[in-house]
file final11.csv (CSV, C-alpha atoms)
chain,number,residue,atom,x,y,z
A,1368,MET,CA,0.0,0.0,0.0
A,1369,SER,CA,1.4,3.4,-0.9
A,1370,GLU,CA,1.9,6.3,1.5
A,1371,GLY,CA,-1.0,8.1,-0.2
A,1372,ASP,CA,-3.2,5.1,0.2
A,1373,SER,CA,-2.3,4.8,3.8
A,1374,THR,CA,-3.0,8.4,4.4
A,1375,GLY,CA,-6.3,8.2,2.6
A,1376,THR,CA,-7.3,5.1,4.6
A,1377,GLY,CA,-6.4,6.8,7.8
A,1378,THR,CA,-8.3,9.9,6.9
A,1379,GLY,CA,-11.3,7.8,5.9
A,1380,ALA,CA,-11.2,6.0,9.2
A,1381,ALA,CA,-11.0,9.3,11.1
A,1382,MET,CA,-13.9,10.7,9.2
A,1383,ALA,CA,-15.9,7.5,9.9
A,1384,GLY,CA,-15.1,7.7,13.6
A,1385,ALA,CA,-16.1,11.4,13.7
A,1386,ALA,CA,-19.4,10.5,11.9
A,1387,TRP,CA,-20.0,7.7,14.4
A,1388,ARG,CA,-19.4,10.1,17.3
A,1389,ARG,CA,-21.8,12.6,15.8
A,1390,GLY,CA,-24.3,9.9,15.5
A,1391,ALA,CA,-23.9,9.0,19.1
A,1392,GLY,CA,-24.3,12.6,20.1
A,1393,PHE,CA,-27.4,12.8,18.0
A,1394,ALA,CA,-28.8,9.6,19.5
A,1395,GLY,CA,-28.0,10.9,22.9
A,1396,ALA,CA,-30.0,14.1,22.2
A,1397,ALA,CA,-32.8,11.9,20.8
A,1398,VAL,CA,-33.0,10.2,24.2
A,1399,GLY,CA,-34.4,13.3,25.9
A,1400,VAL,CA,-37.0,13.6,23.2
A,1401,VAL,CA,-38.0,10.0,23.2
A,1402,ALA,CA,-37.8,9.7,27.0
A,1403,ALA,CA,-40.5,12.4,27.2
A,1404,GLY,CA,-42.4,10.4,24.5
A,1405,ALA,CA,-41.6,12.9,21.7
A,1406,ALA,CA,-39.9,12.7,18.4
A,1407,VAL,CA,-36.5,13.8,17.1
A,1408,GLY,CA,-36.1,17.1,15.4
A,1409,VAL,CA,-38.1,19.5,17.5
A,1410,ALA,CA,-37.1,23.1,17.8
A,1411,VAL,CA,-35.5,24.1,21.1
A,1412,GLU,CA,-35.4,27.7,22.2
A,1413,ARG,CA,-31.9,29.2,22.0
A,1414,LEU,CA,-30.0,29.2,25.3
A,1415,THR,CA,-28.8,32.7,26.0
A,1416,VAL,CA,-27.2,32.2,29.4
A,1417,GLY,CA,-23.5,31.1,29.6
A,1418,ARG,CA,-22.9,27.4,29.7
A,1419,GLY,CA,-20.9,27.6,33.0
A,1420,MET,CA,-23.7,29.6,34.6
A,1421,ARG,CA,-26.3,27.1,33.4
A,1422,ARG,CA,-24.3,24.2,34.8
A,1423,LYS,CA,-24.0,25.9,38.2
A,1424,ALA,CA,-27.7,26.6,38.2
A,1425,ARG,CA,-28.5,22.9,37.5
A,1426,LEU,CA,-26.2,21.8,40.3
A,1427,ALA,CA,-27.8,24.2,42.7
A,1428,LEU,CA,-31.2,22.9,41.8
A,1429,ASP,CA,-30.1,19.3,42.3
A,1430,SER,CA,-28.7,20.1,45.8
A,1431,ALA,CA,-31.5,22.3,47.0
A,1432,GLY,CA,-34.6,20.6,45.5
A,1433,PRO,CA,-36.6,18.5,48.0
A,1434,TYR,CA,-38.4,16.6,45.3
A,1435,GLY,CA,-38.0,12.8,45.2
A,1436,THR,CA,-36.7,12.6,48.8
A,1437,LEU,CA,-39.7,10.9,50.4
A,1438,ARG,CA,-39.1,7.3,51.4
A,1439,GLY,CA,-41.2,4.5,52.8
A,1440,THR,CA,-40.8,1.0,54.1
A,1441,PRO,CA,-38.9,-0.9,51.3
A,1442,GLY,CA,-39.8,-4.2,49.9
A,1443,THR,CA,-39.2,-6.4,46.9
A,1444,ALA,CA,-41.6,-8.4,44.7
A,1445,VAL,CA,-40.3,-11.0,42.3
A,1446,ALA,CA,-41.7,-11.0,38.7
A,1447,GLU,CA,-42.4,-14.2,36.8
A,1448,ASP,CA,-38.9,-14.1,35.2
A,1449,GLY,CA,-37.2,-13.5,38.5
A,1450,THR,CA,-36.8,-9.8,38.1
A,1451,GLU,CA,-36.8,-8.0,41.4
A,1452,LEU,CA,-39.3,-5.2,41.6
A,1453,TYR,CA,-38.6,-2.5,44.2
A,1454,TYR,CA,-41.5,-1.0,46.1
A,1455,GLU,CA,-42.1,1.2,49.2
A,1456,ILE,CA,-45.1,1.3,51.6
A,1457,ASP,CA,-46.4,4.4,53.4
A,1458,GLU,CA,-48.6,3.2,56.2
A,1459,ILE,CA,-51.4,5.2,57.8
A,1460,ALA,CA,-50.3,7.5,60.5
A,1461,ASP,CA,-53.0,6.4,63.0
A,1462,GLN,CA,-53.4,2.7,62.3
A,1463,LYS,CA,-56.1,2.2,64.9
A,1464,ALA,CA,-58.2,5.0,63.4
A,1465,ALA,CA,-57.9,3.3,60.0
A,1466,GLU,CA,-59.2,-0.1,61.1
A,1467,ARG,CA,-62.3,-1.3,59.4
A,1468,PRO,CA,-64.0,-3.5,62.1
A,1469,GLY,CA,-65.7,-6.6,61.0
A,1470,ARG,CA,-69.1,-7.9,62.2
A,1471,ARG,CA,-69.5,-9.5,65.6
A,1472,PHE,CA,-70.9,-13.0,65.8
A,1473,GLY,CA,-72.1,-13.9,69.2
A,1474,ARG,CA,-69.3,-13.3,71.7
A,1475,ARG,CA,-66.5,-13.4,69.1
A,1476,PRO,CA,-64.4,-10.2,69.0
A,1477,ALA,CA,-64.6,-7.9,66.0
A,1478,VAL,CA,-62.0,-8.7,63.3
A,1479,ALA,CA,-60.2,-5.7,61.9
A,1480,GLU,CA,-60.3,-5.8,58.1
A,1481,PRO,CA,-57.1,-4.7,56.3
A,1482,PRO,CA,-57.1,-1.0,55.2
A,1483,VAL,CA,-57.5,0.2,51.7
A,1484,THR,CA,-54.2,0.3,49.8
A,1485,VAL,CA,-53.6,2.8,47.0
A,1486,VAL,CA,-51.1,1.5,44.5
A,1487,PHE,CA,-49.3,4.2,42.4
A,1488,THR,CA,-47.7,3.1,39.1
A,1489,HIS,CA,-45.4,5.5,37.3
A,1490,GLY,CA,-44.8,6.2,33.6
A,1491,TYR,CA,-42.2,5.6,30.9
A,1492,CYS,CA,-38.6,6.7,31.9
A,1493,LEU,CA,-39.7,7.8,35.3
A,1494,SER,CA,-39.7,6.2,38.8
A,1495,GLN,CA,-42.0,6.1,41.8
A,1496,ASP,CA,-40.6,9.5,42.8
A,1497,ALA,CA,-42.7,11.0,40.0
A,1498,TRP,CA,-45.6,10.9,42.5
A,1499,HIS,CA,-43.7,13.1,45.0
A,1500,PHE,CA,-46.4,15.7,45.4
A,1501,GLN,CA,-49.3,13.2,45.7
A,1502,ARG,CA,-47.2,11.2,48.2
A,1503,ALA,CA,-46.6,14.3,50.3
A,1504,ALA,CA,-50.3,15.4,50.2
A,1505,LEU,CA,-51.8,12.0,51.1
A,1506,ARG,CA,-49.1,10.7,53.4
A,1507,GLY,CA,-50.5,9.3,56.7
A,1508,ARG,CA,-54.1,9.6,55.5
A,1509,VAL,CA,-54.2,6.3,53.5
A,1510,ARG,CA,-52.0,3.3,53.0
A,1511,MET,CA,-50.0,3.7,49.8
A,1512,VAL,CA,-47.7,1.6,47.7
A,1513,PHE,CA,-45.2,3.1,45.3
A,1514,TRP,CA,-43.1,0.9,43.0
A,1515,ASP,CA,-40.6,1.1,40.2
A,1516,GLN,CA,-41.4,-0.6,37.0
A,1517,ARG,CA,-38.8,-3.2,35.8
A,1518,SER,CA,-35.6,-1.6,34.5
A,1519,HIS,CA,-36.7,1.8,36.1
A,1520,GLY,CA,-35.7,3.4,39.3
A,1521,ARG,CA,-34.5,1.0,42.0
A,1522,SER,CA,-36.0,-2.1,40.4
A,1523,GLU,CA,-33.7,-4.6,38.7
A,1524,ARG,CA,-33.1,-4.7,35.0
A,1525,GLY,CA,-35.4,-7.2,33.3
A,1526,ARG,CA,-33.9,-10.6,33.2
A,1527,GLY,CA,-35.0,-11.6,29.7
A,1528,ALA,CA,-38.7,-12.1,29.5
A,1529,PRO,CA,-40.0,-10.6,26.2
A,1530,LEU,CA,-41.1,-7.1,27.1
A,1531,SER,CA,-44.7,-6.1,26.6
A,1532,ILE,CA,-47.4,-4.1,28.3
A,1533,ASP,CA,-49.0,-7.4,29.4
A,1534,LEU,CA,-45.8,-8.3,31.1
A,1535,LEU,CA,-45.9,-5.0,33.0
A,1536,GLY,CA,-49.4,-5.9,34.1
A,1537,ARG,CA,-48.2,-9.2,35.5
A,1538,ASP,CA,-45.4,-7.3,37.3
A,1539,LEU,CA,-48.1,-5.1,38.9
A,1540,LYS,CA,-49.9,-8.2,40.1
A,1541,ALA,CA,-46.6,-9.4,41.7
A,1542,VAL,CA,-46.3,-6.1,43.5
A,1543,VAL,CA,-49.9,-6.3,44.7
A,1544,ASP,CA,-49.4,-9.9,45.9
A,1545,ALA,CA,-46.3,-8.9,47.9
A,1546,ALA,CA,-47.2,-5.4,49.2
A,1547,ALA,CA,-51.0,-5.6,49.5
A,1548,PRO,CA,-52.0,-9.3,49.5
A,1549,GLU,CA,-55.4,-8.6,51.1
A,1550,GLY,CA,-57.8,-5.7,51.4
A,1551,PRO,CA,-59.4,-3.2,49.0
A,1552,LEU,CA,-57.3,-1.5,46.4
A,1553,VAL,CA,-57.3,1.7,44.5
A,1554,LEU,CA,-55.1,1.7,41.4
A,1555,VAL,CA,-53.5,4.9,40.1
A,1556,GLY,CA,-51.4,5.0,36.9
A,1557,HIS,CA,-49.8,7.7,34.9
A,1558,SER,CA,-48.9,7.3,31.2
A,1559,MET,CA,-47.3,3.8,30.8
A,1560,GLY,CA,-48.5,3.2,34.4
A,1561,GLY,CA,-52.1,3.6,33.3
A,1562,MET,CA,-51.4,1.1,30.5
A,1563,THR,CA,-49.9,-1.3,33.1
A,1564,THR,CA,-53.1,-1.0,35.1
A,1565,MET,CA,-55.2,-1.8,32.1
A,1566,ALA,CA,-53.0,-4.8,31.4
A,1567,LEU,CA,-53.6,-6.0,34.9
A,1568,ALA,CA,-57.4,-5.7,34.4
A,1569,ALA,CA,-57.2,-7.6,31.1
A,1570,GLN,CA,-55.4,-10.5,32.6
A,1571,TYR,CA,-56.8,-10.5,36.2
A,1572,PRO,CA,-60.5,-9.4,35.9
A,1573,ARG,CA,-61.3,-11.3,39.0
A,1574,LEU,CA,-58.9,-9.2,41.1
A,1575,ILE,CA,-60.5,-6.0,39.8
A,1576,ALA,CA,-64.0,-7.4,40.5
A,1577,GLU,CA,-63.2,-8.6,44.0
A,1578,ARG,CA,-60.7,-6.1,45.4
A,1579,VAL,CA,-60.5,-2.9,43.4
A,1580,ILE,CA,-62.8,-0.1,44.7
A,1581,GLY,CA,-61.5,2.8,42.5
A,1582,ALA,CA,-59.0,3.7,39.8
A,1583,ALA,CA,-57.4,6.8,38.3
A,1584,PHE,CA,-55.9,7.1,34.8
A,1585,VAL,CA,-53.6,10.1,34.5
A,1586,GLY,CA,-52.3,11.2,31.1
A,1587,THR,CA,-52.6,7.8,29.6
A,1588,SER,CA,-54.0,5.8,26.6
A,1589,SER,CA,-56.0,2.7,25.9
A,1590,GLY,CA,-54.4,2.3,22.5
A,1591,ARG,CA,-53.6,3.6,19.0
A,1592,MET,CA,-50.3,5.1,20.2
A,1593,GLY,CA,-48.8,4.5,16.8
A,1594,GLU,CA,-50.9,7.5,15.5
A,1595,VAL,CA,-49.4,10.0,18.0
A,1596,THR,CA,-47.2,12.6,16.3
A,1597,TYR,CA,-46.0,14.4,19.4
A,1598,GLY,CA,-47.1,17.8,18.3
A,1599,LEU,CA,-45.0,17.7,15.1
A,1600,PRO,CA,-46.4,18.7,11.7
A,1601,PRO,CA,-46.9,15.9,9.2
A,1602,VAL,CA,-43.6,16.6,7.4
A,1603,GLY,CA,-41.6,16.8,10.7
A,1604,TRP,CA,-43.2,13.5,12.0
A,1605,SER,CA,-42.4,11.8,8.7
A,1606,VAL,CA,-38.7,12.7,9.0
A,1607,ALA,CA,-38.7,11.7,12.7
A,1608,ARG,CA,-40.2,8.3,11.9
A,1609,ARG,CA,-37.3,7.6,9.5
A,1610,ILE,CA,-34.7,8.7,12.0
A,1611,LEU,CA,-35.9,7.0,15.1
A,1612,PRO,CA,-35.2,3.3,14.2
A,1613,GLY,CA,-31.6,4.1,13.6
A,1614,ALA,CA,-31.3,6.1,16.8
A,1615,PHE,CA,-32.9,3.2,18.8
A,1616,LYS,CA,-30.6,0.7,17.2
A,1617,LEU,CA,-27.6,2.8,18.2
A,1618,MET,CA,-28.9,3.2,21.7
A,1619,THR,CA,-29.1,-0.6,22.0
A,1620,ALA,CA,-25.8,-1.5,20.2
A,1621,GLN,CA,-23.6,1.3,21.6
A,1622,THR,CA,-25.1,2.2,24.9
A,1623,GLU,CA,-22.0,3.6,26.5
A,1624,LEU,CA,-21.2,5.8,23.5
A,1625,VAL,CA,-24.8,7.1,23.3
A,1626,GLU,CA,-24.8,7.9,27.1
A,1627,LYS,CA,-21.7,10.1,26.5
A,1628,GLY,CA,-23.6,11.8,23.7
A,1629,ARG,CA,-26.6,12.4,26.0
A,1630,ARG,CA,-24.4,13.9,28.7
A,1631,ALA,CA,-22.7,16.1,26.2
A,1632,THR,CA,-26.0,17.5,25.0
A,1633,SER,CA,-27.7,17.5,28.4
A,1634,GLU,CA,-28.6,21.2,28.3
A,1635,ILE,CA,-30.4,20.8,25.0
A,1636,VAL,CA,-32.0,17.6,26.2
A,1637,GLY,CA,-33.2,19.5,29.3
A,1638,GLY,CA,-35.0,22.0,27.2
A,1639,VAL,CA,-36.7,19.3,25.1
A,1640,VAL,CA,-37.7,17.4,28.3
A,1641,LYS,CA,-39.3,20.6,29.7
A,1642,ARG,CA,-41.1,21.4,26.5
A,1643,TYR,CA,-42.7,17.9,26.3
A,1644,SER,CA,-43.3,17.5,30.0
A,1645,PHE,CA,-45.1,20.7,30.8
A,1646,GLY,CA,-47.7,22.8,29.1
A,1647,ALA,CA,-46.6,26.1,30.7
A,1648,ARG,CA,-43.3,27.9,30.0
A,1649,ASP,CA,-43.1,29.4,33.5
A,1650,VAL,CA,-43.0,26.1,35.4
A,1651,ASP,CA,-40.9,26.2,38.6
A,1652,PRO,CA,-37.2,25.6,37.5
A,1653,ALA,CA,-36.7,23.1,40.4
A,1654,VAL,CA,-39.7,21.1,39.3
A,1655,ALA,CA,-38.5,21.1,35.7
A,1656,ARG,CA,-35.1,20.0,36.8
A,1657,PHE,CA,-36.7,17.2,38.9
A,1658,ALA,CA,-38.5,15.8,35.9
A,1659,GLU,CA,-35.3,16.0,33.9
A,1660,ARG,CA,-33.3,14.1,36.6
A,1661,LEU,CA,-35.9,11.3,36.6
A,1662,ILE,CA,-35.6,10.9,32.8
A,1663,GLU,CA,-31.8,11.2,32.9
A,1664,ALA,CA,-31.7,8.2,35.3
A,1665,THR,CA,-33.2,5.9,32.7
A,1666,PRO,CA,-30.5,4.0,30.7
A,1667,VAL,CA,-30.7,4.7,26.9
A,1668,ASP,CA,-31.1,1.0,26.0
A,1669,VAL,CA,-34.1,0.9,28.3
A,1670,VAL,CA,-35.5,4.0,26.6
A,1671,ALA,CA,-35.3,2.2,23.2
A,1672,GLU,CA,-36.6,-1.2,24.5
A,1673,PHE,CA,-39.7,0.2,26.2
A,1674,TYR,CA,-40.6,2.7,23.4
A,1675,ALA,CA,-41.0,-0.2,21.0
A,1676,VAL,CA,-43.9,-1.8,23.0
A,1677,PHE,CA,-46.3,1.2,22.9
A,1678,ALA,CA,-47.5,0.8,19.3
A,1679,GLY,CA,-49.0,-2.6,20.1
A,1680,HIS,CA,-50.8,-1.5,23.2
A,1681,ASP,CA,-54.6,-2.0,22.9
A,1682,LYS,CA,-56.5,-2.3,26.1
A,1683,LEU,CA,-59.8,-0.5,25.3
A,1684,ALA,CA,-61.8,-3.7,25.9
A,1685,ALA,CA,-60.2,-4.2,29.4
A,1686,LEU,CA,-61.6,-0.9,30.7
A,1687,CYS,CA,-65.0,-2.5,31.1
A,1688,ALA,CA,-63.6,-4.1,34.3
A,1689,PHE,CA,-63.8,-0.7,35.9
A,1690,ASP,CA,-67.2,0.4,34.8
A,1691,HIS,CA,-68.9,-0.3,38.1
A,1692,LEU,CA,-66.3,1.7,40.1
A,1693,PRO,CA,-65.4,5.3,40.9
A,1694,VAL,CA,-62.9,6.3,38.3
A,1695,LEU,CA,-61.0,9.5,37.6
A,1696,VAL,CA,-59.6,10.2,34.1
A,1697,LEU,CA,-57.3,13.2,34.2
A,1698,ALA,CA,-55.0,14.8,31.6
A,1699,GLY,CA,-53.4,18.1,30.7
A,1700,ASP,CA,-55.1,19.7,27.7
A,1701,LYS,CA,-51.6,20.7,26.4
A,1702,ASP,CA,-50.2,17.2,26.6
A,1703,MET,CA,-48.2,16.4,23.4
A,1704,VAL,CA,-46.9,13.0,24.5
A,1705,ILE,CA,-50.3,11.4,24.9
A,1706,PRO,CA,-52.9,13.9,23.5
A,1707,PRO,CA,-56.0,14.6,25.7
A,1708,GLY,CA,-58.2,12.8,23.1
A,1709,HIS,CA,-56.9,9.5,24.4
A,1710,SER,CA,-58.3,10.4,27.8
A,1711,GLU,CA,-61.6,11.2,26.2
A,1712,VAL,CA,-61.6,7.7,24.6
A,1713,ILE,CA,-61.1,6.2,28.1
A,1714,ALA,CA,-63.9,8.3,29.5
A,1715,GLU,CA,-66.3,7.3,26.7
A,1716,ALA,CA,-65.6,3.7,27.6
A,1717,LEU,CA,-66.4,4.5,31.2
A,1718,PRO,CA,-69.5,6.8,31.1
A,1719,ASP,CA,-69.7,7.2,34.9
A,1720,ALA,CA,-66.0,8.2,35.2
A,1721,GLU,CA,-65.1,11.8,36.0
A,1722,LEU,CA,-63.1,13.3,33.2
A,1723,VAL,CA,-60.9,16.2,34.2
A,1724,MET,CA,-58.9,18.2,31.6
A,1725,VAL,CA,-56.4,20.5,33.3
A,1726,PRO,CA,-56.1,23.8,31.4
A,1727,GLY,CA,-52.6,24.6,30.2
A,1728,ALA,CA,-51.0,21.5,31.7
A,1729,GLY,CA,-48.7,19.0,29.8
A,1730,HIS,CA,-47.8,15.4,30.2
A,1731,MET,CA,-46.4,15.7,33.8
A,1732,VAL,CA,-49.6,17.2,35.0
A,1733,MET,CA,-49.2,15.7,38.5
A,1734,MET,CA,-46.0,17.8,38.9
A,1735,GLU,CA,-47.2,20.8,37.0
A,1736,GLN,CA,-50.5,21.2,38.8
A,1737,PRO,CA,-50.0,19.1,41.9
A,1738,GLY,CA,-52.6,20.8,44.1
A,1739,LEU,CA,-55.4,20.2,41.6
A,1740,VAL,CA,-54.3,16.5,41.1
A,1741,ASP,CA,-54.0,16.0,44.8
A,1742,ASP,CA,-57.5,17.3,45.4
A,1743,ARG,CA,-59.0,15.2,42.6
A,1744,LEU,CA,-57.3,12.0,43.9
A,1745,ALA,CA,-58.5,12.8,47.5
A,1746,GLU,CA,-62.1,13.2,46.2
A,1747,LEU,CA,-61.8,9.8,44.4
A,1748,LEU,CA,-60.5,8.1,47.5
A,1749,ALA,CA,-63.3,9.6,49.5
A,1750,GLU,CA,-65.9,8.5,47.0
A,1751,ALA,CA,-64.4,5.0,47.0
A,1752,GLY,CA,-64.5,4.9,50.8
A,1753,ALA,CA,-60.7,4.8,51.2
A,1754,MET,CA,-60.6,7.8,53.5
A,1755,SER,CA,-62.7,10.7,54.8
A,1756,ALA,CA,-63.7,13.5,52.5
A,1757,PRO,CA,-61.1,16.1,52.0
A,1758,ALA,CA,-61.6,19.7,53.1
A,1759,PRO,CA,-62.0,22.0,50.1
A,1760,ARG,CA,-58.9,24.0,49.3
A,1761,THR,CA,-57.3,25.8,46.4
A,1762,ALA,CA,-53.6,25.0,45.8
A,1763,PRO,CA,-51.6,26.8,43.2
A,1764,ALA,CA,-48.9,25.1,41.1
A,1765,PRO,CA,-45.5,25.1,42.9
call {"tool": "encode", "arguments": {"input": "final11.csv", "output": "structure tokens"}}
result
Amino acid sequence: MSEGDSTGTGTGAAMAGAAWRRGAGFAGAAVGVVAAGAAVGVAVERLTVGRGMRRKARLALDSAGPYGTLRGTPGTAVAEDGTELYYEIDEIADQKAAERPGRRFGRRPAVAEPPVTVVFTHGYCLSQDAWHFQRAALRGRVRMVFWDQRSHGRSERGRGAPLSIDLLGRDLKAVVDAAAPEGPLVLVGHSMGGMTTMALAAQYPRLIAERVIGAAFVGTSSGRMGEVTYGLPPVGWSVARRILPGAFKLMTAQTELVEKGRRATSEIVGGVVKRYSFGARDVDPAVARFAERLIEATPVDVVAEFYAVFAGHDKLAALCAFDHLPVLVLAGDKDMVIPPGHSEVIAEALPDAELVMVPGAGHMVMMEQPGLVDDRLAELLAEAGAMSAPAPRTAPAP
């Protein structure tokens, strides 16, 4: 080989390496979009503050923010494939006051029935800490279980069972069996967590009929997720659909490289996450950073693996299991990840459900308007008989 050939080969290799690194950086940036349920190629507002100043502000928010710090009694449920699912239990502050005495038969003492347990299931690329505000508002008033879906939060990475929404439903059943083996249940799910709840109902209708006394579906969908364009115009979504498969392939094949790309573009990703998580532009910076941290904690190959299952999700028929129960269907009317029309479909399938559209809120409605969501959940729990009726209050967004 001549010197010129050698130089050309080396130059070609260098260019190929540079292109590969650019691809990794692009895929890393795409993680932030996809993690919020969006598509690649959205416009992000120009950042006008110095990079060093922005980094210091992010570190200050991380150190000062109280969000995601609430902890309960830890436990572990084991999924069908051996995956360990982490959960925490918040017990009622006054256990005696929460007892539900059974009937007396002759001289036999009353038997205290187990309290109602509210099970919170988080969404895609989040963790149980996404329920921080609801956990704080309801703490001590009702027994609650918060859990991390497989490969998310503190739960173990999936051990190999083919991933599907149905599998997530069976994971939820394992958590219920471990953390609330008896007593009435109220099921609360956000985004993918609502789909998980529907999958539970599809596979265990007897559980719903015998133990569930209420349910809440927050910013979620019963199906047809393949039609969602994430707020992009037709041309933009057409381009994004061509780009995404390659980005996902890179996320799975070169995870470490893509993680570096994500970290390198973290400030841009943060802007995208904020845009697709919240409807308002003036959301508290600490809350926006909290949502960003939750999404950052999800490995890129998990982002790719889970995104692929949404197109096949179809659980409209399973909703009939809840038609005799108090049900809350709530969504932000500016949600671009799962458009509010999907909540309207759920409400149409459950005519007695309460449909609440939160003006100006986005996908992370439980963080953006926590006071409103807290109140609606408290009303649902009171209607279901899970706790006493809440006192009326008006709580602004944080």
call {"tool": "atom_distance", "arguments": {"input": "final11.csv", "atom1": "CA of Lys1616 (chain A)", "atom2": "CA of Ala1678 (chain A)"}}
result
17.0 Å
call {"tool": "residues_around", "arguments": {"input": "final11.csv", "residues": "Val1445 (chain A)", "least_positions_apart": "3", "cutoff": "12 Å", "atoms": "only C-alpha atoms", "output": "PyMOL selection string"}}
result
chain A and resi 1442+1448-1454+1516-1517+1522-1523+1525-1526+1537-1546
call {"tool": "atom_distance", "arguments": {"input": "final11.csv", "atom1": "CA of Ala1504 (chain A)", "atom2": "CA of Glu1711 (chain A)"}}
result
26.9 Å
call {"tool": "residues_around", "arguments": {"input": "final11.csv", "residues": "region 1682-1695 of chain A", "least_positions_apart": "2", "cutoff": "8 Å", "atoms": "only C-alpha atoms", "output": "JSON, numbers by chain"}}
result
{"A": [1562, 1565, 1566, 1568, 1569, 1572, 1575, 1576, 1580, 1581, 1582, 1583, 1584, 1589, 1590, 1680, 1697, 1713, 1716, 1717, 1718, 1719, 1720, 1721, 1722, 1723, 1743, 1744, 1747, 1750, 1751]}
call {"tool": "residues_around", "arguments": {"input": "final11.csv", "residues": "His1489 (chain A)", "least_positions_apart": "5", "cutoff": "12 Å", "atoms": "all atoms listed in the file", "output": "count of residues only"}}
result
35
call {"tool": "atom_distance", "arguments": {"input": "final11.csv", "atom1": "CA of Met1754 (chain A)", "atom2": "CA of Ile1459 (chain A)"}}
result
10.5 Å
call {"tool": "closest_residue", "arguments": {"input": "final11.csv", "among": "A:Thr1440, A:Arg1510, A:Arg1502, A:Val1712", "to": "Asp1461 (chain A)", "atoms": "all atoms listed in the file"}}
result
A:Arg1510
call {"tool": "residues_around", "arguments": {"input": "final11.csv", "residues": "region 1644-1658 of chain A", "least_positions_apart": "3", "cutoff": "6 Å", "atoms": "all atoms listed in the file", "output": "short mmCIF file (atom, residue, chain, number, x, y, z; two decimals) with C-alpha atoms, keeping the file's coordinate frame"}}
result
data_model
loop_
_atom_site.label_atom_id
_atom_site.label_comp_id
_atom_site.auth_asym_id
_atom_site.auth_seq_id
_atom_site.Cartn_x
_atom_site.Cartn_y
_atom_site.Cartn_z
CA LEU A 1428 -31.20 22.90 41.80
CA VAL A 1640 -37.70 17.40 28.30
CA LYS A 1641 -39.30 20.60 29.70
CA LEU A 1661 -35.90 11.30 36.60
CA LYS A 1701 -51.60 20.70 26.40
CA GLY A 1727 -52.60 24.60 30.20
CA ALA A 1728 -51.00 21.50 31.70
CA GLY A 1729 -48.70 19.00 29.80
CA HIS A 1730 -47.80 15.40 30.20
CA MET A 1731 -46.40 15.70 33.80
#
call {"tool": "closest_residue", "arguments": {"input": "final11.csv", "among": "A:Leu1617, A:Ala1479, A:Val1670, A:Met1734", "to": "Ala1503 (chain A)", "atoms": "all atoms listed in the file"}}
result
A:Met1734
call {"tool": "residues_near_point", "arguments": {"input": "final11.csv", "point": "(-47.2, 16.6, 23.2)", "cutoff": "9 Å", "atoms": "all atoms listed in the file", "output": "ChimeraX atom specification"}}
result
/A:1403-1405,1595-1599,1642-1646,1701-1706,1729-1730
call {"tool": "closest_residue", "arguments": {"input": "final11.csv", "among": "A:Ala1528, A:Ala1745, A:Val1486, A:Ala1460", "to": "Gly1507 (chain A)", "atoms": "all atoms listed in the file"}}
result
A:Ala1460
call {"tool": "residues_around", "arguments": {"input": "final11.csv", "residues": "Ser1531 (chain A)", "least_positions_apart": "2", "cutoff": "9 Å", "atoms": "all atoms listed in the file", "output": "PyMOL selection string"}}
result
chain A and resi 1528-1529+1533-1536+1673+1675-1677+1679-1680
call {"tool": "closest_residue", "arguments": {"input": "final11.csv", "among": "A:Leu1530, A:Leu1748, A:Val1696, A:Ile1662", "to": "Val1579 (chain A)", "atoms": "all atoms listed in the file"}}
result
A:Leu1748
call {"tool": "closest_residue", "arguments": {"input": "final11.csv", "among": "A:Ser1755, A:Tyr1434, A:Asp1457, A:Glu1715", "to": "Phe1500 (chain A)", "atoms": "all atoms listed in the file"}}
result
A:Tyr1434
call {"tool": "residues_near_point", "arguments": {"input": "final11.csv", "point": "(-35.8, 3.4, 16.6)", "cutoff": "10 Å", "atoms": "all atoms listed in the file", "output": "VMD selection string"}}
result
chain A and resid 1394 1397 1401 1607 to 1619 1671 to 1672 1674 to 1675
call {"tool": "write_last_selection", "arguments": {"input": "final11.csv", "atoms": "C-alpha atoms", "output": "compact mmCIF listing (two decimals), keeping the file's coordinate frame"}}
result
# COMPACT_ATOMS: atom_id res chain seq x y z
CA ALA A 1394 -28.80 9.60 19.50
CA ALA A 1397 -32.80 11.90 20.80
CA VAL A 1401 -38.00 10.00 23.20
CA ALA A 1607 -38.70 11.70 12.70
CA ARG A 1608 -40.20 8.30 11.90
CA ARG A 1609 -37.30 7.60 9.50
CA ILE A 1610 -34.70 8.70 12.00
CA LEU A 1611 -35.90 7.00 15.10
CA PRO A 1612 -35.20 3.30 14.20
CA GLY A 1613 -31.60 4.10 13.60
CA ALA A 1614 -31.30 6.10 16.80
CA PHE A 1615 -32.90 3.20 18.80
CA LYS A 1616 -30.60 0.70 17.20
CA LEU A 1617 -27.60 2.80 18.20
CA MET A 1618 -28.90 3.20 21.70
CA THR A 1619 -29.10 -0.60 22.00
CA ALA A 1671 -35.30 2.20 23.20
CA GLU A 1672 -36.60 -1.20 24.50
CA TYR A 1674 -40.60 2.70 23.40
CA ALA A 1675 -41.00 -0.20 21.00
